[in-house]
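target-v8.cif (mmCIF, C-alpha atoms, pLDDT in the B column; chains and numbers go by the auth columns)
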data_run
#
loop_
_atom_site.group_PDB
_atom_site.id
_atom_site.type_symbol
_atom_site.label_atom_id
_atom_site.label_comp_id
_atom_site.label_asym_id
_atom_site.label_seq_id
_atom_site.Cartn_x
_atom_site.Cartn_y
_atom_site.Cartn_z
_atom_site.B_iso_or_equiv
_atom_site.auth_seq_id
_atom_site.auth_asym_id
ATOM 1 C CA MET A 1 -55.905 -88.930 -4.302 67.00 1 A
ATOM 2 C CA ILE A 2 -54.435 -90.643 -1.196 74.00 2 A
ATOM 3 C CA CYS A 3 -56.493 -92.018 1.688 77.00 3 A
ATOM 4 C CA LYS A 4 -55.640 -90.082 4.835 75.00 4 A
ATOM 5 C CA ASN A 5 -56.356 -93.124 6.982 75.00 5 A
ATOM 6 C CA CYS A 6 -54.250 -95.858 5.368 76.00 6 A
ATOM 7 C CA GLY A 7 -52.324 -94.133 2.609 72.00 7 A
ATOM 8 C CA SER A 8 -53.783 -96.212 -0.207 73.00 8 A
ATOM 9 C CA PRO A 9 -54.366 -94.631 -3.630 76.00 9 A
ATOM 10 C CA VAL A 10 -58.029 -93.702 -4.168 72.00 10 A
ATOM 11 C CA ASP A 11 -59.797 -92.501 -7.326 73.00 11 A
ATOM 12 C CA ASP A 12 -61.097 -88.913 -7.172 73.00 12 A
ATOM 13 C CA TRP A 13 -64.735 -89.973 -7.557 71.00 13 A
ATOM 14 C CA MET A 14 -64.651 -92.425 -4.616 73.00 14 A
ATOM 15 C CA LYS A 15 -66.272 -91.488 -1.308 76.00 15 A
ATOM 16 C CA VAL A 16 -64.956 -94.516 0.615 77.00 16 A
ATOM 17 C CA CYS A 17 -61.453 -96.015 0.624 78.00 17 A
ATOM 18 C CA PRO A 18 -61.597 -99.511 -0.968 75.00 18 A
ATOM 19 C CA ASN A 19 -58.782 -100.681 1.344 75.00 19 A
ATOM 20 C CA CYS A 20 -59.846 -99.525 4.843 77.00 20 A
ATOM 21 C CA GLN A 21 -63.426 -98.349 4.160 75.00 21 A
ATOM 22 C CA ALA A 22 -62.675 -94.880 5.653 75.00 22 A
ATOM 23 C CA ASN A 23 -64.679 -91.897 4.391 77.00 23 A
ATOM 24 C CA ILE A 24 -62.860 -89.750 1.848 71.00 24 A
ATOM 25 C CA ASP A 25 -63.260 -86.041 2.542 63.00 25 A
ATOM 26 C CA ASP A 26 -63.695 -83.677 -0.404 52.00 26 A
ATOM 27 C CA PRO A 27 -60.588 -81.420 -0.299 48.00 27 A
ATOM 28 C CA GLY A 28 -62.503 -78.654 -2.096 45.00 28 A
ATOM 29 C CA GLU A 29 -65.055 -78.440 0.729 44.00 29 A
ATOM 30 C CA GLU A 30 -62.282 -78.504 3.303 44.00 30 A
ATOM 31 C CA LYS A 31 -60.535 -75.532 1.680 45.00 31 A
ATOM 32 C CA VAL A 32 -63.776 -73.540 1.580 43.00 32 A
ATOM 33 C CA GLU A 33 -64.472 -74.243 5.245 44.00 33 A
ATOM 34 C CA ILE A 34 -60.950 -73.220 6.227 43.00 34 A
ATOM 35 C CA ARG A 35 -61.199 -70.001 4.195 51.00 35 A
ATOM 36 C CA LEU A 36 -64.570 -69.122 5.739 47.00 36 A
ATOM 37 C CA ASP A 37 -63.154 -69.742 9.204 47.00 37 A
ATOM 38 C CA GLU A 38 -60.213 -67.470 8.387 48.00 38 A
ATOM 39 C CA LEU A 39 -62.548 -64.721 7.167 49.00 39 A
ATOM 40 C CA ASN A 40 -64.784 -64.979 10.222 48.00 40 A
ATOM 41 C CA THR A 41 -61.758 -64.938 12.527 47.00 41 A
ATOM 42 C CA GLU A 42 -60.311 -61.904 10.728 46.00 42 A
ATOM 43 C CA GLN A 43 -63.582 -59.968 10.909 47.00 43 A
ATOM 44 C CA ASN A 44 -64.116 -60.817 14.558 49.00 44 A
ATOM 45 C CA THR A 45 -60.577 -59.713 15.444 66.00 45 A
ATOM 46 C CA TYR A 46 -61.177 -56.043 14.625 74.00 46 A
ATOM 47 C CA SER A 47 -63.826 -53.740 16.052 84.00 47 A
ATOM 48 C CA LEU A 48 -66.400 -52.287 13.655 87.00 48 A
ATOM 49 C CA GLY A 49 -67.346 -49.341 15.864 90.00 49 A
ATOM 50 C CA TRP A 50 -65.944 -46.664 13.528 91.00 50 A
ATOM 51 C CA TYR A 51 -67.490 -48.407 10.513 92.00 51 A
ATOM 52 C CA HIS A 52 -70.945 -48.153 12.110 93.00 52 A
ATOM 53 C CA VAL A 53 -70.365 -44.489 13.017 93.00 53 A
ATOM 54 C CA LEU A 54 -69.427 -43.796 9.380 93.00 54 A
ATOM 55 C CA ILE A 55 -72.516 -45.359 7.820 93.00 55 A
ATOM 56 C CA ARG A 56 -75.023 -44.266 10.479 93.00 56 A
ATOM 57 C CA PHE A 57 -73.937 -40.696 11.239 95.00 57 A
ATOM 58 C CA PHE A 58 -70.612 -39.330 9.961 95.00 58 A
ATOM 59 C CA LEU A 59 -71.218 -39.482 6.196 96.00 59 A
ATOM 60 C CA TYR A 60 -74.745 -38.136 6.555 96.00 60 A
ATOM 61 C CA ALA A 61 -73.369 -35.223 8.610 96.00 61 A
ATOM 62 C CA ILE A 62 -70.712 -34.395 5.993 95.00 62 A
ATOM 63 C CA ALA A 63 -73.368 -34.521 3.275 96.00 63 A
ATOM 64 C CA VAL A 64 -75.565 -32.036 5.165 96.00 64 A
ATOM 65 C CA LEU A 65 -72.615 -29.705 5.874 94.00 65 A
ATOM 66 C CA ASN A 66 -71.643 -29.659 2.188 94.00 66 A
ATOM 67 C CA ALA A 67 -75.245 -29.006 1.157 95.00 67 A
ATOM 68 C CA LEU A 68 -75.294 -26.024 3.550 94.00 68 A
ATOM 69 C CA SER A 69 -71.914 -24.895 2.220 89.00 69 A
ATOM 70 C CA SER A 70 -73.295 -24.877 -1.313 91.00 70 A
ATOM 71 C CA LEU A 71 -76.126 -22.630 -0.155 91.00 71 A
ATOM 72 C CA VAL A 72 -73.615 -20.284 1.491 87.00 72 A
ATOM 73 C CA TYR A 73 -71.700 -19.863 -1.776 86.00 73 A
ATOM 74 C CA PHE A 74 -74.823 -19.573 -3.909 89.00 74 A
ATOM 75 C CA LEU A 75 -75.907 -16.653 -1.712 86.00 75 A
ATOM 76 C CA GLY A 76 -72.454 -15.034 -1.561 80.00 76 A
ATOM 77 C CA ILE A 77 -72.428 -15.133 2.244 78.00 77 A
ATOM 78 C CA PRO A 78 -68.597 -15.310 2.533 69.00 78 A
ATOM 79 C CA TYR A 79 -68.458 -11.636 1.473 67.00 79 A
ATOM 80 C CA GLY A 80 -71.141 -10.568 3.924 70.00 80 A
ATOM 81 C CA GLU A 81 -72.334 -6.979 3.549 72.00 81 A
ATOM 82 C CA PHE A 82 -69.853 -6.411 0.684 68.00 82 A
ATOM 83 C CA LYS A 83 -71.470 -9.070 -1.533 76.00 83 A
ATOM 84 C CA ASP A 84 -73.231 -6.726 -3.970 78.00 84 A
ATOM 85 C CA ILE A 85 -70.201 -4.450 -4.300 75.00 85 A
ATOM 86 C CA VAL A 86 -67.818 -7.387 -4.686 74.00 86 A
ATOM 87 C CA TYR A 87 -69.905 -8.965 -7.431 78.00 87 A
ATOM 88 C CA GLU A 88 -70.291 -5.624 -9.189 79.00 88 A
ATOM 89 C CA VAL A 89 -66.541 -5.014 -9.221 77.00 89 A
ATOM 90 C CA TYR A 90 -65.503 -8.655 -9.688 78.00 90 A
ATOM 91 C CA PRO A 91 -68.429 -10.378 -11.484 84.00 91 A
ATOM 92 C CA MET A 92 -66.355 -13.504 -12.161 87.00 92 A
ATOM 93 C CA LEU A 93 -66.229 -14.156 -8.401 82.00 93 A
ATOM 94 C CA ASN A 94 -69.969 -14.769 -8.531 87.00 94 A
ATOM 95 C CA VAL A 95 -69.459 -17.344 -11.290 90.00 95 A
ATOM 96 C CA VAL A 96 -66.668 -19.076 -9.349 89.00 96 A
ATOM 97 C CA ASN A 97 -68.764 -19.183 -6.188 88.00 97 A
ATOM 98 C CA ILE A 98 -71.751 -20.655 -8.033 92.00 98 A
ATOM 99 C CA ILE A 99 -69.505 -23.332 -9.543 92.00 99 A
ATOM 100 C CA TYR A 100 -68.072 -24.062 -6.102 91.00 100 A
ATOM 101 C CA GLY A 101 -71.619 -24.330 -4.761 92.00 101 A
ATOM 102 C CA PHE A 102 -72.356 -27.063 -7.306 96.00 102 A
ATOM 103 C CA VAL A 103 -69.088 -28.791 -6.398 94.00 103 A
ATOM 104 C CA ALA A 104 -70.165 -28.775 -2.743 94.00 104 A
ATOM 105 C CA LEU A 105 -73.481 -30.337 -3.764 95.00 105 A
ATOM 106 C CA GLY A 106 -71.513 -32.960 -5.712 96.00 106 A
ATOM 107 C CA ILE A 107 -69.453 -33.751 -2.609 96.00 107 A
ATOM 108 C CA ALA A 108 -72.695 -34.117 -0.618 96.00 108 A
ATOM 109 C CA ALA A 109 -73.938 -36.625 -3.207 96.00 109 A
ATOM 110 C CA LEU A 110 -70.559 -38.397 -3.105 96.00 110 A
ATOM 111 C CA CYS A 111 -70.974 -38.803 0.658 96.00 111 A
ATOM 112 C CA ILE A 112 -74.273 -40.615 0.112 96.00 112 A
ATOM 113 C CA PHE A 113 -72.766 -42.845 -2.609 96.00 113 A
ATOM 114 C CA ALA A 114 -69.822 -43.673 -0.324 95.00 114 A
ATOM 115 C CA ARG A 115 -72.191 -44.396 2.548 94.00 115 A
ATOM 116 C CA GLN A 116 -74.256 -46.796 0.430 95.00 116 A
ATOM 117 C CA ALA A 117 -71.150 -48.545 -0.913 94.00 117 A
ATOM 118 C CA LEU A 118 -69.721 -48.999 2.577 94.00 118 A
ATOM 119 C CA ALA A 119 -73.044 -50.148 4.019 93.00 119 A
ATOM 120 C CA HIS A 120 -73.365 -52.804 1.276 92.00 120 A
ATOM 121 C CA ARG A 121 -69.718 -53.864 1.705 91.00 121 A
ATOM 122 C CA LYS A 122 -68.762 -52.842 -1.843 92.00 122 A
ATOM 123 C CA LYS A 123 -65.100 -52.924 -2.868 91.00 123 A
ATOM 124 C CA SER A 124 -65.447 -49.322 -4.035 93.00 124 A
ATOM 125 C CA GLY A 125 -66.612 -48.131 -0.585 93.00 125 A
ATOM 126 C CA PRO A 126 -63.240 -47.176 0.937 94.00 126 A
ATOM 127 C CA ALA A 127 -62.044 -45.512 -2.290 94.00 127 A
ATOM 128 C CA LEU A 128 -65.239 -43.435 -2.492 94.00 128 A
ATOM 129 C CA PHE A 129 -64.715 -42.397 1.130 96.00 129 A
ATOM 130 C CA TYR A 130 -61.157 -41.188 0.391 95.00 130 A
ATOM 131 C CA SER A 131 -62.366 -39.329 -2.696 95.00 131 A
ATOM 132 C CA ILE A 132 -64.624 -37.156 -0.515 95.00 132 A
ATOM 133 C CA TYR A 133 -61.595 -35.607 1.188 93.00 133 A
ATOM 134 C CA ILE A 134 -59.477 -35.420 -1.961 94.00 134 A
ATOM 135 C CA THR A 135 -62.265 -33.639 -3.871 94.00 135 A
ATOM 136 C CA SER A 136 -62.909 -31.254 -0.990 91.00 136 A
ATOM 137 C CA VAL A 137 -59.266 -30.189 -0.601 90.00 137 A
ATOM 138 C CA VAL A 138 -58.649 -29.851 -4.354 92.00 138 A
ATOM 139 C CA SER A 139 -61.812 -27.758 -4.841 90.00 139 A
ATOM 140 C CA ASN A 140 -60.891 -25.488 -1.901 86.00 140 A
ATOM 141 C CA ILE A 141 -57.410 -24.906 -3.309 87.00 141 A
ATOM 142 C CA LEU A 142 -58.808 -24.141 -6.765 89.00 142 A
ATOM 143 C CA LEU A 143 -61.360 -21.726 -5.262 84.00 143 A
ATOM 144 C CA PHE A 144 -58.592 -19.892 -3.420 81.00 144 A
ATOM 145 C CA ILE A 145 -56.336 -19.700 -6.504 83.00 145 A
ATOM 146 C CA LEU A 146 -59.116 -18.575 -8.860 85.00 146 A
ATOM 147 C CA SER A 147 -60.245 -15.905 -6.400 79.00 147 A
ATOM 148 C CA HIS A 148 -56.707 -14.487 -6.267 76.00 148 A
ATOM 149 C CA ILE A 149 -56.441 -14.535 -10.055 80.00 149 A
ATOM 150 C CA ILE A 150 -59.726 -12.648 -10.406 79.00 150 A
ATOM 151 C CA ILE A 151 -58.810 -10.017 -7.824 73.00 151 A
ATOM 152 C CA THR A 152 -55.760 -8.649 -9.608 68.00 152 A
ATOM 153 C CA ASP A 153 -56.513 -4.962 -9.054 57.00 153 A
ATOM 154 C CA THR A 154 -56.719 -4.138 -5.351 53.00 154 A
ATOM 155 C CA THR A 155 -56.697 -0.391 -6.068 49.00 155 A
ATOM 156 C CA ILE A 156 -60.420 -0.627 -6.790 53.00 156 A
ATOM 157 C CA GLU A 157 -62.555 0.361 -3.827 57.00 157 A
ATOM 158 C CA TYR A 158 -62.986 -2.593 -1.443 57.00 158 A
ATOM 159 C CA GLY A 159 -60.380 -4.560 -3.410 57.00 159 A
ATOM 160 C CA ASP A 160 -58.105 -4.848 -0.380 64.00 160 A
ATOM 161 C CA THR A 161 -61.079 -5.772 1.814 64.00 161 A
ATOM 162 C CA VAL A 162 -62.131 -8.585 -0.495 63.00 162 A
ATOM 163 C CA LEU A 163 -58.568 -9.897 -0.749 63.00 163 A
ATOM 164 C CA THR A 164 -58.291 -9.854 3.043 66.00 164 A
ATOM 165 C CA LEU A 165 -61.516 -11.856 3.309 62.00 165 A
ATOM 166 C CA ILE A 166 -60.163 -14.431 0.876 62.00 166 A
ATOM 167 C CA GLU A 167 -56.744 -14.630 2.519 63.00 167 A
ATOM 168 C CA GLY A 168 -58.501 -15.188 5.825 61.00 168 A
ATOM 169 C CA ASN A 169 -59.486 -18.572 4.435 61.00 169 A
ATOM 170 C CA VAL A 170 -55.846 -19.718 4.234 67.00 170 A
ATOM 171 C CA ILE A 171 -55.773 -20.996 7.820 69.00 171 A
ATOM 172 C CA SER A 172 -59.079 -22.760 7.293 72.00 172 A
ATOM 173 C CA LEU A 173 -57.800 -24.254 4.039 75.00 173 A
ATOM 174 C CA MET A 174 -54.574 -25.501 5.612 80.00 174 A
ATOM 175 C CA SER A 175 -56.373 -27.018 8.593 83.00 175 A
ATOM 176 C CA SER A 176 -58.922 -28.758 6.364 83.00 176 A
ATOM 177 C CA ALA A 177 -56.116 -30.139 4.163 85.00 177 A
ATOM 178 C CA ALA A 178 -54.258 -31.450 7.218 89.00 178 A
ATOM 179 C CA PHE A 179 -57.450 -33.040 8.533 91.00 179 A
ATOM 180 C CA ALA A 180 -58.123 -34.634 5.137 91.00 180 A
ATOM 181 C CA ILE A 181 -54.629 -36.134 4.987 92.00 181 A
ATOM 182 C CA PHE A 182 -55.037 -37.512 8.506 94.00 182 A
ATOM 183 C CA MET A 183 -58.457 -39.013 7.726 93.00 183 A
ATOM 184 C CA ILE A 184 -57.255 -40.663 4.518 93.00 184 A
ATOM 185 C CA ALA A 185 -54.137 -42.107 6.175 94.00 185 A
ATOM 186 C CA ALA A 186 -55.966 -43.335 9.291 94.00 186 A
ATOM 187 C CA ASN A 187 -58.862 -44.847 7.368 94.00 187 A
ATOM 188 C CA ARG A 188 -56.573 -46.549 4.852 93.00 188 A
ATOM 189 C CA VAL A 189 -55.059 -48.458 7.764 92.00 189 A
ATOM 190 C CA TYR A 190 -58.526 -49.129 9.203 92.00 190 A
ATOM 191 C CA PHE A 191 -60.036 -50.448 5.959 93.00 191 A
ATOM 192 C CA LYS A 192 -56.907 -52.390 4.977 90.00 192 A
ATOM 193 C CA LYS A 193 -57.209 -54.467 8.147 89.00 193 A
ATOM 194 C CA ARG A 194 -60.857 -55.161 7.273 88.00 194 A
ATOM 195 C CA ALA A 195 -60.351 -55.716 3.526 87.00 195 A
ATOM 196 C CA SER A 196 -62.178 -59.072 3.667 86.00 196 A
ATOM 197 C CA MET A 197 -65.394 -57.193 4.499 87.00 197 A
ATOM 198 C CA PHE A 198 -65.495 -55.402 1.156 87.00 198 A
ATOM 199 C CA VAL A 199 -65.746 -58.127 -1.463 83.00 199 A
ATOM 200 C CA ASN A 200 -68.995 -57.332 -3.339 79.00 200 A
#
As structure tokens - that is how I would like this structure written.
Amino acid sequence: MICKNCGSPVDDWMKVCPNCQANIDDPGEEKVEIRLDELNTEQNTYSLGWYHVLIRFFLYAIAVLNALSSLVYFLGIPYGEFKDIVYEVYPMLNVVNIIYGFVALGIAALCIFARQALAHRKKSGPALFYSIYITSVVSNILLFILSHIIITDTTIEYGDTVLTLIEGNVISLMSSAAFAIFMIAANRVYFKKRASMFVN
């Protein structure tokens, strides 16, 4: 080690320079202090407004909406007054909708896990948040595809009506996919700038 004051060689264990009697700073402590200052500066540079909205409202709201969505599919509400006829003619649709209802419940639980991870500054927090949108879009696409596979015979009474109801979800599916892509892209930028927050 070299004394910063006079340039004399100093043993690592020494606290005072034997030549000029200047105090020898511990370089390890200096590095830690500099790193902490950098972290504090980085965190203070960016606003945390959206982060607080996420953990205090947004993720709870998505969880509730998915829980309600699961109830909708459990009850067959998307088919309205045709529910009983649809399930009689296409019984597998009932199975698919029940499965989708459980998936929606899983997404609601994922929202709570993501919220907790973000609130406790876990490294997994941002990834869990992205997975909410990925899971939602993939499950919607699979629901749409499976429904079309099941309804192969539209000559059956109400077959065309059911298919029309399902195809009416295309616009909703496309808009939700576009929104999911936007949210993932925007939040990746947001969380990347605040990566030092999520270190647990």
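With only C-alpha atoms as the atoms that count, the residue of A:Asp84, A:Phe144, A:Ser196, A:Ile134 with the shortest distance to A:Ala178 is A:Ile134.
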_Who sits within 7 Å of A:Asn200, only C-alpha atoms, same chain under 2 positions skipped, as an NGL selection string_ = :A and (121-123 or 198)
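Residue nearest A:Leu128 within the list A:Leu105, A:Leu59, A:Val95, A:Leu143: A:Leu59 [criterion: smallest interatomic distance, all atoms listed in the file].
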_So the first atom is atom CA of A:Phe74 and the second is atom CA of A:Ile98; what is the distance between them in Å, to one decimal place?_
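Going from atom CA of A:Phe74 over to atom CA of A:Ile98 covers 5.3 Å.
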*Go through the shown structure with the PyMOL selection byres ((chain A and resi 130) around 10) and write out the matching residues as a PyMOL selection string.*
chain A and resi 114+125-129+131-135+180-181+183-185+187-188
_Here's the selection I'm unsure about, the PyMOL selection byres ((chain A and resi 7) around 12); applied to the file above, which residues does it give, as a ChimeraX atom specification?_
/A:1-6,8-10,17-22,24
*Mind giving me the straight-line distance from atom CA of A:Leu142 to atom CA of A:Ala186 in Å, one decimal?*
25.2 Å
Using all atoms listed in the file, which residues sit within 8 Å of A:Tyr100 once same-chain residues fewer than 5 positions away are excluded, as a tab-separated table (two decimals) with C-alpha atoms, in the coordinates of the input?
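Written file, part.tsv:
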chain	number	residue	atom	x	y	z
A	70	SER	CA	-73.30	-24.88	-1.31
A	73	TYR	CA	-71.70	-19.86	-1.78
A	139	SER	CA	-61.81	-27.76	-4.84
A	143	LEU	CA	-61.36	-21.73	-5.26
_Using Å and a single decimal, report how far atom CA of A:Ile145 sits from atom CA of A:Gly76._
17.5 Å
*Selection near A:Met92, 12 Å with only C-alpha atoms, sequence-local residues under 2 positions removed, as number ranges by chain*: A: 86-90, 94-99, 143, 146-152
*Out of A:Ala119, A:Ile62, A:Ile77, A:Ile107, which residue has the shortest atom-to-atom distance to A:Met197 when counting all atoms listed in the file?*
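Residue with the minimum atom-to-atom distance to A:Met197: A:Ala119.
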*Nearest to A:Tyr60: which of A:Lys193, A:Lys15, A:Lys83, A:Arg115 is it, counting only C-alpha atoms?*
A:Arg115
